[in-house]
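Engineer: So here's run09.csv, just CSV, C-alpha atoms:
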```
chain,number,residue,atom,x,y,z
A,7,VAL,CA,0.0,0.0,0.0
A,8,THR,CA,1.5,3.3,-1.1
A,9,ASP,CA,0.5,6.9,-1.3
A,10,GLY,CA,-1.3,7.7,-4.5
A,11,LEU,CA,-2.9,4.3,-4.8
A,12,THR,CA,-6.4,4.7,-6.2
A,13,ASP,CA,-7.5,1.3,-7.6
A,14,TRP,CA,-7.5,-2.3,-6.5
A,15,THR,CA,-6.4,-5.4,-8.4
A,16,VAL,CA,-7.4,-8.8,-7.2
A,17,LYS,CA,-5.7,-11.8,-8.7
A,18,PRO,CA,-8.0,-14.7,-9.4
A,19,VAL,CA,-7.5,-17.9,-7.5
A,20,ARG,CA,-8.3,-21.2,-9.1
A,21,ARG,CA,-11.6,-22.6,-8.0
A,22,ALA,CA,-12.1,-19.7,-5.6
A,23,GLU,CA,-14.6,-16.9,-5.5
A,24,PRO,CA,-14.8,-13.6,-3.6
A,25,ALA,CA,-16.9,-14.0,-0.5
A,26,PHE,CA,-18.1,-10.4,-0.2
A,27,LYS,CA,-19.1,-9.5,-3.8
A,28,ARG,CA,-22.9,-9.1,-3.9
A,29,TYR,CA,-23.2,-10.5,-0.3
A,30,ARG,CA,-26.4,-8.8,1.0
A,31,GLY,CA,-25.9,-6.3,-1.9
A,32,TYR,CA,-22.3,-5.3,-1.1
A,33,PRO,CA,-20.8,-3.9,-4.3
A,34,ALA,CA,-17.1,-4.8,-4.1
A,35,THR,CA,-14.7,-7.7,-3.7
A,36,LEU,CA,-13.0,-6.5,-0.6
A,37,CYS,CA,-13.6,-3.9,2.1
A,38,ALA,CA,-11.2,-1.0,2.2
A,39,SER,CA,-11.6,1.2,5.3
A,40,VAL,CA,-9.5,4.4,5.5
A,41,ASN,CA,-8.5,6.3,8.7
A,42,ASP,CA,-11.7,6.7,10.8
A,43,GLU,CA,-13.6,4.1,8.9
A,44,VAL,CA,-13.8,1.0,11.0
A,45,VAL,CA,-15.2,-1.6,8.6
A,46,HIS,CA,-17.1,-2.1,5.4
A,47,GLY,CA,-15.5,0.8,3.5
A,48,ILE,CA,-16.2,0.5,-0.3
A,49,PRO,CA,-13.0,0.8,-2.5
A,50,SER,CA,-13.1,3.8,-4.8
A,51,ALA,CA,-10.9,5.0,-7.6
A,52,ALA,CA,-11.9,8.5,-6.8
A,53,ARG,CA,-10.2,8.5,-3.4
A,54,ALA,CA,-6.4,8.4,-3.4
A,55,LEU,CA,-4.4,7.3,-0.4
A,56,LYS,CA,-1.8,9.7,1.0
A,57,ALA,CA,1.2,9.4,3.3
A,58,GLY,CA,0.1,9.2,6.9
A,59,ASP,CA,-3.2,7.4,6.2
A,60,ILE,CA,-4.0,3.9,7.5
A,61,ILE,CA,-6.2,1.5,5.7
A,62,SER,CA,-7.9,-1.7,6.8
A,63,LEU,CA,-8.2,-4.4,4.1
A,64,ASP,CA,-10.9,-7.0,4.9
A,65,MET,CA,-10.8,-10.0,2.6
A,66,GLY,CA,-13.0,-13.1,2.2
A,67,VAL,CA,-13.0,-16.1,-0.1
A,68,LYS,CA,-15.1,-19.1,-0.7
A,69,ILE,CA,-13.3,-22.3,-1.9
A,70,GLY,CA,-14.4,-25.9,-1.8
A,71,GLY,CA,-17.7,-24.9,-0.3
A,72,PHE,CA,-16.2,-23.2,2.7
A,73,TYR,CA,-15.5,-19.6,3.6
A,74,GLY,CA,-12.4,-17.8,5.0
A,75,ASP,CA,-12.3,-14.2,6.3
A,76,SER,CA,-9.3,-12.1,7.3
A,77,ALA,CA,-8.3,-8.5,7.7
A,78,VAL,CA,-5.2,-6.4,8.3
A,79,THR,CA,-4.7,-2.7,8.9
A,80,VAL,CA,-1.5,-1.1,7.5
A,81,ALA,CA,0.1,2.3,7.4
A,82,VAL,CA,0.7,4.4,4.3
A,83,GLY,CA,4.2,5.7,4.7
A,84,ASP,CA,5.2,7.2,8.0
A,85,VAL,CA,2.6,7.7,10.7
A,86,PRO,CA,2.7,9.1,14.3
A,87,ASP,CA,3.8,7.0,17.2
A,88,ARG,CA,0.3,6.7,18.6
A,89,THR,CA,-1.0,5.5,15.3
A,90,ARG,CA,1.7,2.8,15.2
A,91,GLU,CA,0.7,1.9,18.7
A,92,LEU,CA,-3.0,1.5,17.7
A,93,LEU,CA,-2.0,-0.9,14.9
A,94,ALA,CA,0.4,-2.9,17.2
A,95,VAL,CA,-2.0,-3.1,20.1
A,96,THR,CA,-4.9,-4.2,17.9
A,97,ALA,CA,-2.8,-6.9,16.2
A,98,GLU,CA,-1.5,-8.2,19.5
A,99,SER,CA,-5.0,-8.3,20.9
A,100,LEU,CA,-5.9,-10.7,18.1
A,101,ASP,CA,-2.9,-12.8,18.9
A,102,ARG,CA,-3.9,-12.9,22.6
A,103,ALA,CA,-7.5,-13.8,21.7
A,104,ILE,CA,-6.4,-16.7,19.4
A,105,ARG,CA,-4.3,-18.2,22.3
A,106,GLN,CA,-7.6,-18.5,24.2
A,107,VAL,CA,-9.1,-20.8,21.6
A,108,ARG,CA,-8.8,-24.3,23.2
A,109,VAL,CA,-11.1,-27.3,23.6
A,110,GLY,CA,-13.2,-26.9,26.7
A,111,GLY,CA,-12.6,-23.2,27.1
A,112,ARG,CA,-15.3,-20.6,27.2
A,113,LEU,CA,-15.9,-18.2,24.3
A,114,SER,CA,-15.8,-15.2,26.5
A,115,ALA,CA,-12.2,-15.9,27.3
A,116,VAL,CA,-11.5,-14.9,23.7
A,117,SER,CA,-13.5,-11.7,24.1
A,118,HIS,CA,-11.9,-10.8,27.4
A,119,ALA,CA,-8.4,-11.2,26.1
A,120,VAL,CA,-9.1,-8.5,23.5
A,121,GLN,CA,-10.7,-6.1,25.9
A,122,THR,CA,-8.1,-6.2,28.6
A,123,TRP,CA,-5.2,-5.7,26.3
A,124,VAL,CA,-6.8,-2.9,24.2
A,125,GLU,CA,-8.3,-0.9,27.1
A,126,SER,CA,-5.0,-1.2,29.1
A,127,HIS,CA,-3.4,0.9,26.4
A,128,GLY,CA,-6.2,3.6,26.3
A,129,PHE,CA,-8.0,2.5,23.1
A,130,SER,CA,-11.7,1.7,22.7
A,131,ILE,CA,-13.6,-1.4,21.7
A,132,VAL,CA,-16.3,-1.0,19.0
A,133,ARG,CA,-19.2,-2.9,20.4
A,134,GLU,CA,-21.8,-2.7,17.6
A,135,PHE,CA,-19.8,-5.1,15.5
A,136,VAL,CA,-18.4,-8.5,16.5
A,137,GLY,CA,-16.6,-11.6,15.2
A,138,HIS,CA,-18.5,-14.7,14.2
A,139,GLY,CA,-18.5,-18.4,13.4
A,140,ILE,CA,-17.7,-19.3,9.8
A,141,GLY,CA,-17.9,-22.3,7.6
A,142,GLU,CA,-20.3,-23.3,4.9
A,143,ARG,CA,-21.8,-19.8,5.4
A,144,LEU,CA,-19.9,-16.5,5.8
A,145,HIS,CA,-21.6,-15.6,9.1
A,146,GLU,CA,-22.6,-18.3,11.5
A,147,ASP,CA,-23.1,-18.7,15.2
A,148,PRO,CA,-21.6,-18.0,17.6
A,149,GLN,CA,-21.2,-14.2,17.7
A,150,ILE,CA,-17.8,-13.2,19.2
A,151,PRO,CA,-17.8,-9.8,21.0
A,152,ASN,CA,-14.4,-8.1,21.7
A,153,TYR,CA,-15.4,-7.4,25.3
A,154,GLY,CA,-16.8,-9.2,28.3
A,155,PRO,CA,-15.8,-11.1,31.4
A,156,PRO,CA,-14.1,-14.5,31.1
A,157,GLY,CA,-15.8,-17.8,32.0
A,158,ARG,CA,-19.0,-17.3,30.1
A,159,GLY,CA,-20.6,-18.2,26.8
A,160,PRO,CA,-20.5,-21.4,24.8
A,161,VAL,CA,-17.9,-24.1,25.5
A,162,LEU,CA,-15.4,-24.3,22.7
A,163,GLN,CA,-15.5,-27.6,20.9
A,164,GLU,CA,-13.2,-29.4,18.5
A,165,GLY,CA,-14.1,-28.6,14.9
A,166,MET,CA,-15.5,-25.1,15.5
A,167,THR,CA,-14.2,-22.4,13.1
A,168,LEU,CA,-14.2,-18.8,14.3
A,169,ALA,CA,-13.6,-15.5,12.6
A,170,ILE,CA,-12.0,-13.4,15.4
A,171,GLU,CA,-11.8,-9.7,14.6
A,172,PRO,CA,-10.9,-6.9,17.0
A,173,MET,CA,-12.2,-3.5,15.8
A,174,ILE,CA,-10.6,-0.8,17.8
A,175,THR,CA,-10.6,3.0,17.8
A,176,ALA,CA,-8.1,5.5,19.1
A,177,GLY,CA,-10.9,7.6,20.6
A,178,GLY,CA,-14.5,6.7,21.7
A,179,PRO,CA,-16.3,3.5,20.9
A,180,ASP,CA,-19.3,5.0,19.1
A,181,VAL,CA,-19.8,4.5,15.3
A,182,TYR,CA,-22.2,5.5,12.6
A,183,VAL,CA,-23.2,4.3,9.1
A,184,HIS,CA,-22.5,6.4,6.1
A,185,ASP,CA,-25.1,7.3,3.4
A,186,ASP,CA,-23.8,4.4,1.3
A,187,ASP,CA,-25.4,2.1,3.9
A,188,TRP,CA,-22.1,0.2,4.3
A,189,SER,CA,-19.2,2.2,5.5
A,190,ILE,CA,-18.8,2.5,9.3
A,191,SER,CA,-16.9,5.3,10.9
A,192,SER,CA,-16.1,6.4,14.4
A,193,VAL,CA,-18.4,9.2,15.6
A,194,ASP,CA,-15.5,11.3,16.9
A,195,SER,CA,-13.5,10.8,13.7
A,196,SER,CA,-10.7,9.0,15.6
A,197,LEU,CA,-8.6,6.5,13.7
A,198,ALA,CA,-9.7,2.8,13.7
A,199,ALA,CA,-7.8,-0.5,13.3
A,200,HIS,CA,-9.2,-3.9,12.3
A,201,PHE,CA,-7.4,-7.2,12.3
A,202,GLU,CA,-9.0,-10.6,11.7
A,203,GLN,CA,-8.2,-14.3,11.3
A,204,THR,CA,-10.2,-17.4,10.6
A,205,VAL,CA,-9.2,-19.9,13.3
A,206,ALA,CA,-10.1,-23.6,13.5
A,207,LEU,CA,-10.2,-25.4,16.9
A,208,THR,CA,-8.2,-28.6,16.8
A,209,PRO,CA,-7.2,-31.1,19.6
A,210,ASP,CA,-3.8,-29.5,19.6
A,211,GLY,CA,-5.2,-25.9,19.9
A,212,PRO,CA,-6.0,-23.1,17.5
A,213,ARG,CA,-5.0,-23.4,13.8
A,214,VAL,CA,-5.0,-20.2,11.8
A,215,LEU,CA,-6.4,-20.8,8.4
A,216,GLY,CA,-5.5,-17.5,6.7
A,217,VAL,CA,-3.6,-18.1,3.4
A,218,THR,CA,-2.0,-14.6,3.1
A,219,GLY,CA,-1.0,-14.6,6.8
A,220,PRO,CA,-0.9,-11.1,8.3
A,221,SER,CA,-3.7,-10.4,10.5
A,222,ARG,CA,-1.3,-11.4,13.2
A,223,CYS,CA,1.2,-10.8,10.4
A,224,ASN,CA,4.9,-11.4,10.6
A,225,VAL,CA,7.8,-9.7,12.3
A,226,LEU,CA,10.8,-9.3,10.1
A,227,ILE,CA,14.0,-9.3,12.0
A,228,SER,CA,16.1,-7.2,9.7
A,229,GLY,CA,18.1,-4.0,9.5
A,230,GLY,CA,15.0,-2.0,8.7
A,231,THR,CA,15.1,-2.5,4.9
A,232,GLY,CA,13.0,-5.7,4.6
A,233,SER,CA,16.1,-7.8,3.7
A,234,GLY,CA,18.0,-10.2,5.7
A,235,LYS,CA,16.9,-13.1,8.0
A,236,THR,CA,13.2,-13.5,8.4
A,237,THR,CA,11.7,-14.8,11.6
A,238,LEU,CA,8.0,-15.8,11.6
A,239,LEU,CA,6.4,-14.6,14.8
A,240,ASN,CA,2.7,-14.4,13.8
A,241,CYS,CA,1.9,-11.2,15.5
A,242,MET,CA,2.3,-8.0,13.4
A,243,THR,CA,4.2,-6.7,10.4
A,244,ALA,CA,7.3,-4.8,11.4
A,245,PHE,CA,10.9,-4.3,10.7
A,246,ILE,CA,13.0,-4.6,13.8
A,247,ASP,CA,16.7,-4.2,14.3
A,248,PRO,CA,18.2,-7.6,15.0
A,249,ALA,CA,20.2,-6.2,17.9
A,250,GLU,CA,16.9,-5.9,19.9
A,251,ARG,CA,16.8,-9.8,20.2
A,252,VAL,CA,13.0,-10.0,19.6
A,253,THR,CA,12.0,-13.7,19.8
A,254,THR,CA,8.3,-13.6,20.7
A,255,CYS,CA,5.1,-11.7,19.8
A,256,GLU,CA,5.1,-10.3,23.3
A,257,ASP,CA,8.7,-9.0,22.8
A,258,ALA,CA,7.7,-7.3,19.6
A,259,ALA,CA,4.6,-5.6,21.1
A,260,GLU,CA,6.5,-4.4,24.2
A,261,LEU,CA,9.3,-3.0,22.0
A,262,GLN,CA,6.8,-1.2,19.8
A,263,LEU,CA,5.3,0.5,22.8
A,264,LYS,CA,8.5,1.3,24.7
A,265,GLN,CA,10.9,2.1,21.8
A,266,PRO,CA,8.8,2.9,18.7
A,267,HIS,CA,11.9,4.5,17.1
A,268,VAL,CA,13.5,1.1,16.6
A,269,VAL,CA,10.3,-0.5,15.2
A,270,ARG,CA,8.9,0.5,11.8
A,271,LEU,CA,5.6,-1.1,10.9
A,272,ALA,CA,5.6,-2.5,7.3
A,273,THR,CA,3.3,-0.9,4.8
A,274,ARG,CA,2.9,-4.1,2.8
A,275,PRO,CA,2.9,-7.9,3.6
A,276,PRO,CA,6.4,-9.2,3.9
A,277,ASN,CA,8.1,-11.5,1.4
A,278,LEU,CA,8.8,-14.7,3.3
A,279,GLU,CA,10.8,-16.4,0.6
A,280,GLY,CA,14.3,-17.4,1.4
```
Let's see the structure in the file written out as C-alpha coordinates.
Structural biologist:
Amino acid sequence: VTDGLTDWTVKPVRRAEPAFKRYRGYPATLCASVNDEVVHGIPSAARALKAGDIISLDMGVKIGGFYGDSAVTVAVGDVPDRTRELLAVTAESLDRAIRQVRVGGRLSAVSHAVQTWVESHGFSIVREFVGHGIGERLHEDPQIPNYGPPGRGPVLQEGMTLAIEPMITAGGPDVYVHDDDWSISSVDSSLAAHFEQTVALTPDGPRVLGVTGPSRCNVLISGGTGSGKTTLLNCMTAFIDPAERVTTCEDAAELQLKQPHVVRLATRPPNLEG
(Lines of atoms letter the chains of each structure in order from A and count residues from 1; the text may use other names and numbers.)
(Lines give C-alpha, C1' and ligand atoms only; values in the text may rest on other atoms or scores of the structure.)
Protein backbone atom coordinates (compact mmCIF):
# COMPACT_ATOMS: atom_id res chain seq x y z
CA VAL A 1 0.00 0.00 0.00
CA THR A 2 1.54 3.28 -1.11
CA ASP A 3 0.45 6.89 -1.27
CA GLY A 4 -1.30 7.75 -4.51
CA LEU A 5 -2.92 4.32 -4.82
CA THR A 6 -6.44 4.71 -6.19
CA ASP A 7 -7.48 1.32 -7.56
CA TRP A 8 -7.46 -2.32 -6.53
CA THR A 9 -6.39 -5.41 -8.43
CA VAL A 10 -7.44 -8.82 -7.17
CA LYS A 11 -5.69 -11.80 -8.75
CA PRO A 12 -8.04 -14.71 -9.45
CA VAL A 13 -7.48 -17.88 -7.45
CA ARG A 14 -8.31 -21.16 -9.13
CA ARG A 15 -11.65 -22.62 -7.99
CA ALA A 16 -12.15 -19.72 -5.56
CA GLU A 17 -14.64 -16.88 -5.55
CA PRO A 18 -14.82 -13.64 -3.56
CA ALA A 19 -16.95 -13.96 -0.46
CA PHE A 20 -18.12 -10.36 -0.22
CA LYS A 21 -19.09 -9.49 -3.79
CA ARG A 22 -22.88 -9.08 -3.86
CA TYR A 23 -23.18 -10.46 -0.32
CA ARG A 24 -26.36 -8.78 0.97
CA GLY A 25 -25.85 -6.30 -1.87
CA TYR A 26 -22.25 -5.32 -1.07
CA PRO A 27 -20.83 -3.89 -4.33
CA ALA A 28 -17.11 -4.75 -4.10
CA THR A 29 -14.74 -7.70 -3.75
CA LEU A 30 -13.05 -6.48 -0.57
CA CYS A 31 -13.64 -3.89 2.14
CA ALA A 32 -11.16 -1.00 2.25
CA SER A 33 -11.64 1.25 5.27
CA VAL A 34 -9.47 4.37 5.53
CA ASN A 35 -8.50 6.26 8.71
CA ASP A 36 -11.66 6.74 10.82
CA GLU A 37 -13.57 4.09 8.86
CA VAL A 38 -13.81 1.00 11.04
CA VAL A 39 -15.20 -1.62 8.64
CA HIS A 40 -17.10 -2.11 5.37
CA GLY A 41 -15.50 0.77 3.49
CA ILE A 42 -16.16 0.52 -0.26
CA PRO A 43 -13.04 0.83 -2.47
CA SER A 44 -13.14 3.82 -4.81
CA ALA A 45 -10.87 4.98 -7.61
CA ALA A 46 -11.94 8.52 -6.77
CA ARG A 47 -10.15 8.48 -3.41
CA ALA A 48 -6.35 8.44 -3.39
CA LEU A 49 -4.39 7.35 -0.35
CA LYS A 50 -1.79 9.74 1.03
CA ALA A 51 1.19 9.38 3.31
CA GLY A 52 0.06 9.23 6.93
CA ASP A 53 -3.18 7.37 6.17
CA ILE A 54 -3.99 3.94 7.53
CA ILE A 55 -6.17 1.47 5.68
CA SER A 56 -7.91 -1.71 6.75
CA LEU A 57 -8.22 -4.42 4.11
CA ASP A 58 -10.91 -7.00 4.90
CA MET A 59 -10.82 -9.97 2.55
CA GLY A 60 -13.01 -13.06 2.20
CA VAL A 61 -12.96 -16.07 -0.09
CA LYS A 62 -15.09 -19.12 -0.75
CA ILE A 63 -13.32 -22.26 -1.91
CA GLY A 64 -14.43 -25.88 -1.84
CA GLY A 65 -17.74 -24.87 -0.32
CA PHE A 66 -16.19 -23.18 2.72
CA TYR A 67 -15.52 -19.55 3.61
CA GLY A 68 -12.44 -17.80 4.97
CA ASP A 69 -12.28 -14.25 6.31
CA SER A 70 -9.29 -12.10 7.31
CA ALA A 71 -8.34 -8.45 7.74
CA VAL A 72 -5.23 -6.38 8.33
CA THR A 73 -4.67 -2.66 8.89
CA VAL A 74 -1.52 -1.09 7.48
CA ALA A 75 0.07 2.34 7.40
CA VAL A 76 0.71 4.40 4.28
CA GLY A 77 4.24 5.69 4.72
CA ASP A 78 5.23 7.21 8.05
CA VAL A 79 2.59 7.68 10.73
CA PRO A 80 2.69 9.14 14.27
CA ASP A 81 3.79 7.00 17.20
CA ARG A 82 0.28 6.74 18.62
CA THR A 83 -1.02 5.47 15.26
CA ARG A 84 1.69 2.81 15.17
CA GLU A 85 0.70 1.88 18.70
CA LEU A 86 -2.96 1.53 17.66
CA LEU A 87 -1.99 -0.94 14.93
CA ALA A 88 0.41 -2.87 17.15
CA VAL A 89 -2.00 -3.13 20.09
CA THR A 90 -4.90 -4.24 17.89
CA ALA A 91 -2.76 -6.88 16.17
CA GLU A 92 -1.47 -8.16 19.51
CA SER A 93 -5.02 -8.29 20.91
CA LEU A 94 -5.93 -10.68 18.11
CA ASP A 95 -2.92 -12.84 18.88
CA ARG A 96 -3.89 -12.95 22.56
CA ALA A 97 -7.47 -13.84 21.66
CA ILE A 98 -6.38 -16.69 19.43
CA ARG A 99 -4.31 -18.16 22.26
CA GLN A 100 -7.56 -18.53 24.24
CA VAL A 101 -9.08 -20.82 21.60
CA ARG A 102 -8.85 -24.26 23.22
CA VAL A 103 -11.13 -27.29 23.59
CA GLY A 104 -13.22 -26.94 26.73
CA GLY A 105 -12.58 -23.22 27.11
CA ARG A 106 -15.28 -20.58 27.17
CA LEU A 107 -15.88 -18.25 24.25
CA SER A 108 -15.84 -15.19 26.50
CA ALA A 109 -12.16 -15.86 27.28
CA VAL A 110 -11.48 -14.85 23.68
CA SER A 111 -13.48 -11.65 24.10
CA HIS A 112 -11.89 -10.83 27.45
CA ALA A 113 -8.37 -11.20 26.05
CA VAL A 114 -9.06 -8.50 23.46
CA GLN A 115 -10.72 -6.08 25.87
CA THR A 116 -8.13 -6.22 28.63
CA TRP A 117 -5.19 -5.68 26.28
CA VAL A 118 -6.80 -2.91 24.24
CA GLU A 119 -8.25 -0.92 27.12
CA SER A 120 -5.03 -1.18 29.11
CA HIS A 121 -3.44 0.93 26.35
CA GLY A 122 -6.16 3.58 26.30
CA PHE A 123 -7.98 2.48 23.15
CA SER A 124 -11.70 1.69 22.73
CA ILE A 125 -13.61 -1.42 21.66
CA VAL A 126 -16.27 -1.00 18.97
CA ARG A 127 -19.22 -2.88 20.45
CA GLU A 128 -21.79 -2.70 17.64
CA PHE A 129 -19.79 -5.14 15.48
CA VAL A 130 -18.41 -8.51 16.50
CA GLY A 131 -16.63 -11.58 15.18
CA HIS A 132 -18.53 -14.68 14.18
CA GLY A 133 -18.53 -18.36 13.41
CA ILE A 134 -17.69 -19.25 9.82
CA GLY A 135 -17.86 -22.35 7.64
CA GLU A 136 -20.33 -23.26 4.91
CA ARG A 137 -21.78 -19.78 5.45
CA LEU A 138 -19.86 -16.54 5.79
CA HIS A 139 -21.57 -15.62 9.05
CA GLU A 140 -22.57 -18.35 11.48
CA ASP A 141 -23.06 -18.71 15.21
CA PRO A 142 -21.58 -17.95 17.65
CA GLN A 143 -21.17 -14.20 17.72
CA ILE A 144 -17.79 -13.19 19.20
CA PRO A 145 -17.76 -9.82 20.97
CA ASN A 146 -14.43 -8.13 21.66
CA TYR A 147 -15.39 -7.42 25.26
CA GLY A 148 -16.83 -9.16 28.30
CA PRO A 149 -15.81 -11.09 31.43
CA PRO A 150 -14.13 -14.50 31.15
CA GLY A 151 -15.78 -17.82 32.01
CA ARG A 152 -19.02 -17.27 30.13
CA GLY A 153 -20.62 -18.16 26.81
CA PRO A 154 -20.52 -21.39 24.81
CA VAL A 155 -17.94 -24.06 25.55
CA LEU A 156 -15.43 -24.27 22.69
CA GLN A 157 -15.50 -27.62 20.92
CA GLU A 158 -13.21 -29.38 18.48
CA GLY A 159 -14.13 -28.58 14.89
CA MET A 160 -15.49 -25.10 15.54
CA THR A 161 -14.22 -22.40 13.15
CA LEU A 162 -14.20 -18.80 14.31
CA ALA A 163 -13.58 -15.46 12.61
CA ILE A 164 -12.01 -13.40 15.40
CA GLU A 165 -11.77 -9.69 14.58
CA PRO A 166 -10.89 -6.89 17.00
CA MET A 167 -12.24 -3.53 15.79
CA ILE A 168 -10.60 -0.76 17.78
CA THR A 169 -10.59 3.04 17.79
CA ALA A 170 -8.09 5.55 19.13
CA GLY A 171 -10.93 7.63 20.60
CA GLY A 172 -14.45 6.74 21.70
CA PRO A 173 -16.27 3.50 20.85
CA ASP A 174 -19.33 4.97 19.10
CA VAL A 175 -19.77 4.53 15.34
CA TYR A 176 -22.21 5.50 12.60
CA VAL A 177 -23.23 4.26 9.15
CA HIS A 178 -22.48 6.40 6.06
CA ASP A 179 -25.06 7.27 3.42
CA ASP A 180 -23.79 4.38 1.26
CA ASP A 181 -25.39 2.06 3.88
CA TRP A 182 -22.12 0.15 4.30
CA SER A 183 -19.15 2.20 5.48
CA ILE A 184 -18.85 2.45 9.27
CA SER A 185 -16.86 5.30 10.89
CA SER A 186 -16.07 6.44 14.40
CA VAL A 187 -18.41 9.22 15.60
CA ASP A 188 -15.50 11.29 16.91
CA SER A 189 -13.45 10.80 13.68
CA SER A 190 -10.72 8.96 15.60
CA LEU A 191 -8.57 6.46 13.73
CA ALA A 192 -9.66 2.83 13.66
CA ALA A 193 -7.85 -0.49 13.25
CA HIS A 194 -9.25 -3.89 12.28
CA PHE A 195 -7.43 -7.22 12.33
CA GLU A 196 -9.00 -10.63 11.69
CA GLN A 197 -8.16 -14.28 11.25
CA THR A 198 -10.16 -17.42 10.60
CA VAL A 199 -9.23 -19.94 13.30
CA ALA A 200 -10.09 -23.65 13.50
CA LEU A 201 -10.25 -25.40 16.86
CA THR A 202 -8.21 -28.62 16.80
CA PRO A 203 -7.25 -31.07 19.57
CA ASP A 204 -3.81 -29.46 19.56
CA GLY A 205 -5.16 -25.94 19.91
CA PRO A 206 -6.00 -23.14 17.46
CA ARG A 207 -5.03 -23.39 13.81
CA VAL A 208 -5.01 -20.15 11.82
CA LEU A 209 -6.42 -20.82 8.36
CA GLY A 210 -5.51 -17.54 6.66
CA VAL A 211 -3.58 -18.06 3.44
CA THR A 212 -2.01 -14.62 3.14
CA GLY A 213 -0.98 -14.56 6.77
CA PRO A 214 -0.94 -11.14 8.25
CA SER A 215 -3.74 -10.38 10.53
CA ARG A 216 -1.31 -11.35 13.21
CA CYS A 217 1.21 -10.84 10.42
CA ASN A 218 4.91 -11.39 10.61
CA VAL A 219 7.79 -9.71 12.33
CA LEU A 220 10.81 -9.33 10.09
CA ILE A 221 14.03 -9.32 12.03
CA SER A 222 16.10 -7.15 9.75
CA GLY A 223 18.13 -3.99 9.53
CA GLY A 224 15.00 -2.03 8.68
CA THR A 225 15.14 -2.53 4.93
CA GLY A 226 13.04 -5.65 4.65
CA SER A 227 16.06 -7.76 3.68
CA GLY A 228 18.03 -10.23 5.73
CA LYS A 229 16.90 -13.06 7.97
CA THR A 230 13.16 -13.51 8.36
CA THR A 231 11.70 -14.79 11.61
CA LEU A 232 8.02 -15.77 11.58
CA LEU A 233 6.41 -14.61 14.82
CA ASN A 234 2.75 -14.39 13.76
CA CYS A 235 1.85 -11.15 15.48
CA MET A 236 2.34 -8.00 13.41
CA THR A 237 4.18 -6.73 10.40
CA ALA A 238 7.28 -4.82 11.43
CA PHE A 239 10.92 -4.26 10.66
CA ILE A 240 13.00 -4.58 13.83
CA ASP A 241 16.72 -4.18 14.29
CA PRO A 242 18.21 -7.64 15.01
CA ALA A 243 20.17 -6.18 17.93
CA GLU A 244 16.90 -5.94 19.88
CA ARG A 245 16.76 -9.76 20.20
CA VAL A 246 13.02 -10.01 19.62
CA THR A 247 11.97 -13.67 19.77
CA THR A 248 8.26 -13.63 20.66
CA CYS A 249 5.11 -11.66 19.82
CA GLU A 250 5.14 -10.25 23.35
CA ASP A 251 8.70 -9.02 22.83
CA ALA A 252 7.70 -7.29 19.61
CA ALA A 253 4.63 -5.64 21.12
CA GLU A 254 6.54 -4.45 24.17
CA LEU A 255 9.34 -3.05 22.03
CA GLN A 256 6.84 -1.24 19.80
CA LEU A 257 5.30 0.45 22.82
CA LYS A 258 8.49 1.33 24.68
CA GLN A 259 10.87 2.10 21.83
CA PRO A 260 8.82 2.94 18.70
CA HIS A 261 11.88 4.54 17.08
CA VAL A 262 13.47 1.10 16.57
CA VAL A 263 10.28 -0.49 15.19
CA ARG A 264 8.88 0.45 11.80
CA LEU A 265 5.56 -1.10 10.87
CA ALA A 266 5.65 -2.47 7.35
CA THR A 267 3.33 -0.93 4.76
CA ARG A 268 2.94 -4.15 2.81
CA PRO A 269 2.87 -7.88 3.57
CA PRO A 270 6.41 -9.23 3.94
CA ASN A 271 8.15 -11.48 1.45
CA LEU A 272 8.78 -14.70 3.33
CA GLU A 273 10.80 -16.38 0.61
CA GLY A 274 14.35 -17.37 1.38
Engineer: List as CSV every residue of region 106-210 of chain A that is in contact with region 54-77 of chain A, defined as an atom at most 7 Å from one of its atoms (using all atoms listed in the file), together with the nearest atom pair and the distance in Å rounded to one decimal, sorted by chain and then rising number.
Structural biologist:
```
residue,atom,partner,partner_atom,distance
A:Ile140,CA,A:Tyr73,CA,6.6
A:Gly141,CA,A:Phe72,CA,5.3
A:Glu142,CA,A:Phe72,CA,4.7
A:Arg143,CA,A:Tyr73,CA,6.6
A:Leu144,CA,A:Tyr73,CA,5.8
A:Ala169,CA,A:Asp75,CA,6.6
A:Ala199,CA,A:Ser62,CA,6.6
A:His200,CA,A:Ser62,CA,6.1
A:Phe201,CA,A:Ala77,CA,4.9
A:Glu202,CA,A:Ala77,CA,4.6
A:Gln203,CA,A:Ser76,CA,4.7
A:Thr204,CA,A:Asp75,CA,5.8
```
Engineer: Which of these, A:Pro148, A:Gly137, A:Gly177, A:Pro212, has the shortest distance to Gly165 (chain A) once you count only C-alpha atoms?
Structural biologist: A:Pro212
Engineer: Within 8 Å of (-18.2, -17.1, 14.7) in the file's own coordinates, which protein, DNA or RNA residues have an atom, counting all atoms listed in the file? List them as a list in words.
Structural biologist: Gly137, His138, Gly139, Ile140, His145, Glu146, Asp147, Pro148, Gln149, Ile150, Thr167, Leu168, Ala169 and Ile170 of chain A
Engineer: Suppose you want the space between CA of Ser114 (chain A) and CA of Ala206 (chain A); what is it in Å?
Structural biologist: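 These two atoms are separated by 16.5 Å.
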Engineer: So the first atom is CA of Asp101 (chain A) and the second is CA of Arg88 (chain A); what is the distance between them in Å, to one decimal place?
Structural biologist: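 For CA of Asp101 (chain A) relative to CA of Arg88 (chain A), the distance reads 19.8 Å.
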Engineer: Need to verify the contact set: Arg105 (chain A), 12 Å, all atoms listed in the file, exclusion of same-chain residues closer than 2 positions in sequence. Can you return it as an NGL selection string?
Structural biologist: :A and (98-103 or 107-109 or 111 or 113 or 115-120 or 170 or 205-207 or 210-214 or 222 or 240-241 or 255)
Engineer: How many Å lie between CA of Gln106 (chain A) and CA of Leu197 (chain A), rounded to one decimal?
Structural biologist: 27.1 Å
Engineer: Which residue out of A:Ile174, A:Pro179, A:His46, A:Val78 has the minimum interatomic distance to Tyr29 (chain A) when all atoms listed in the file are used?
Structural biologist: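 Distance minimum relative to Tyr29 (chain A) lands on A:His46.
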Engineer: For Cys37 (chain A), which residue among A:Asp84, A:Ile104, A:Pro49, A:Glu164 is the nearest when counting only C-alpha atoms?
Structural biologist: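 Of all the options, A:Pro49 lies closest to Cys37 (chain A).
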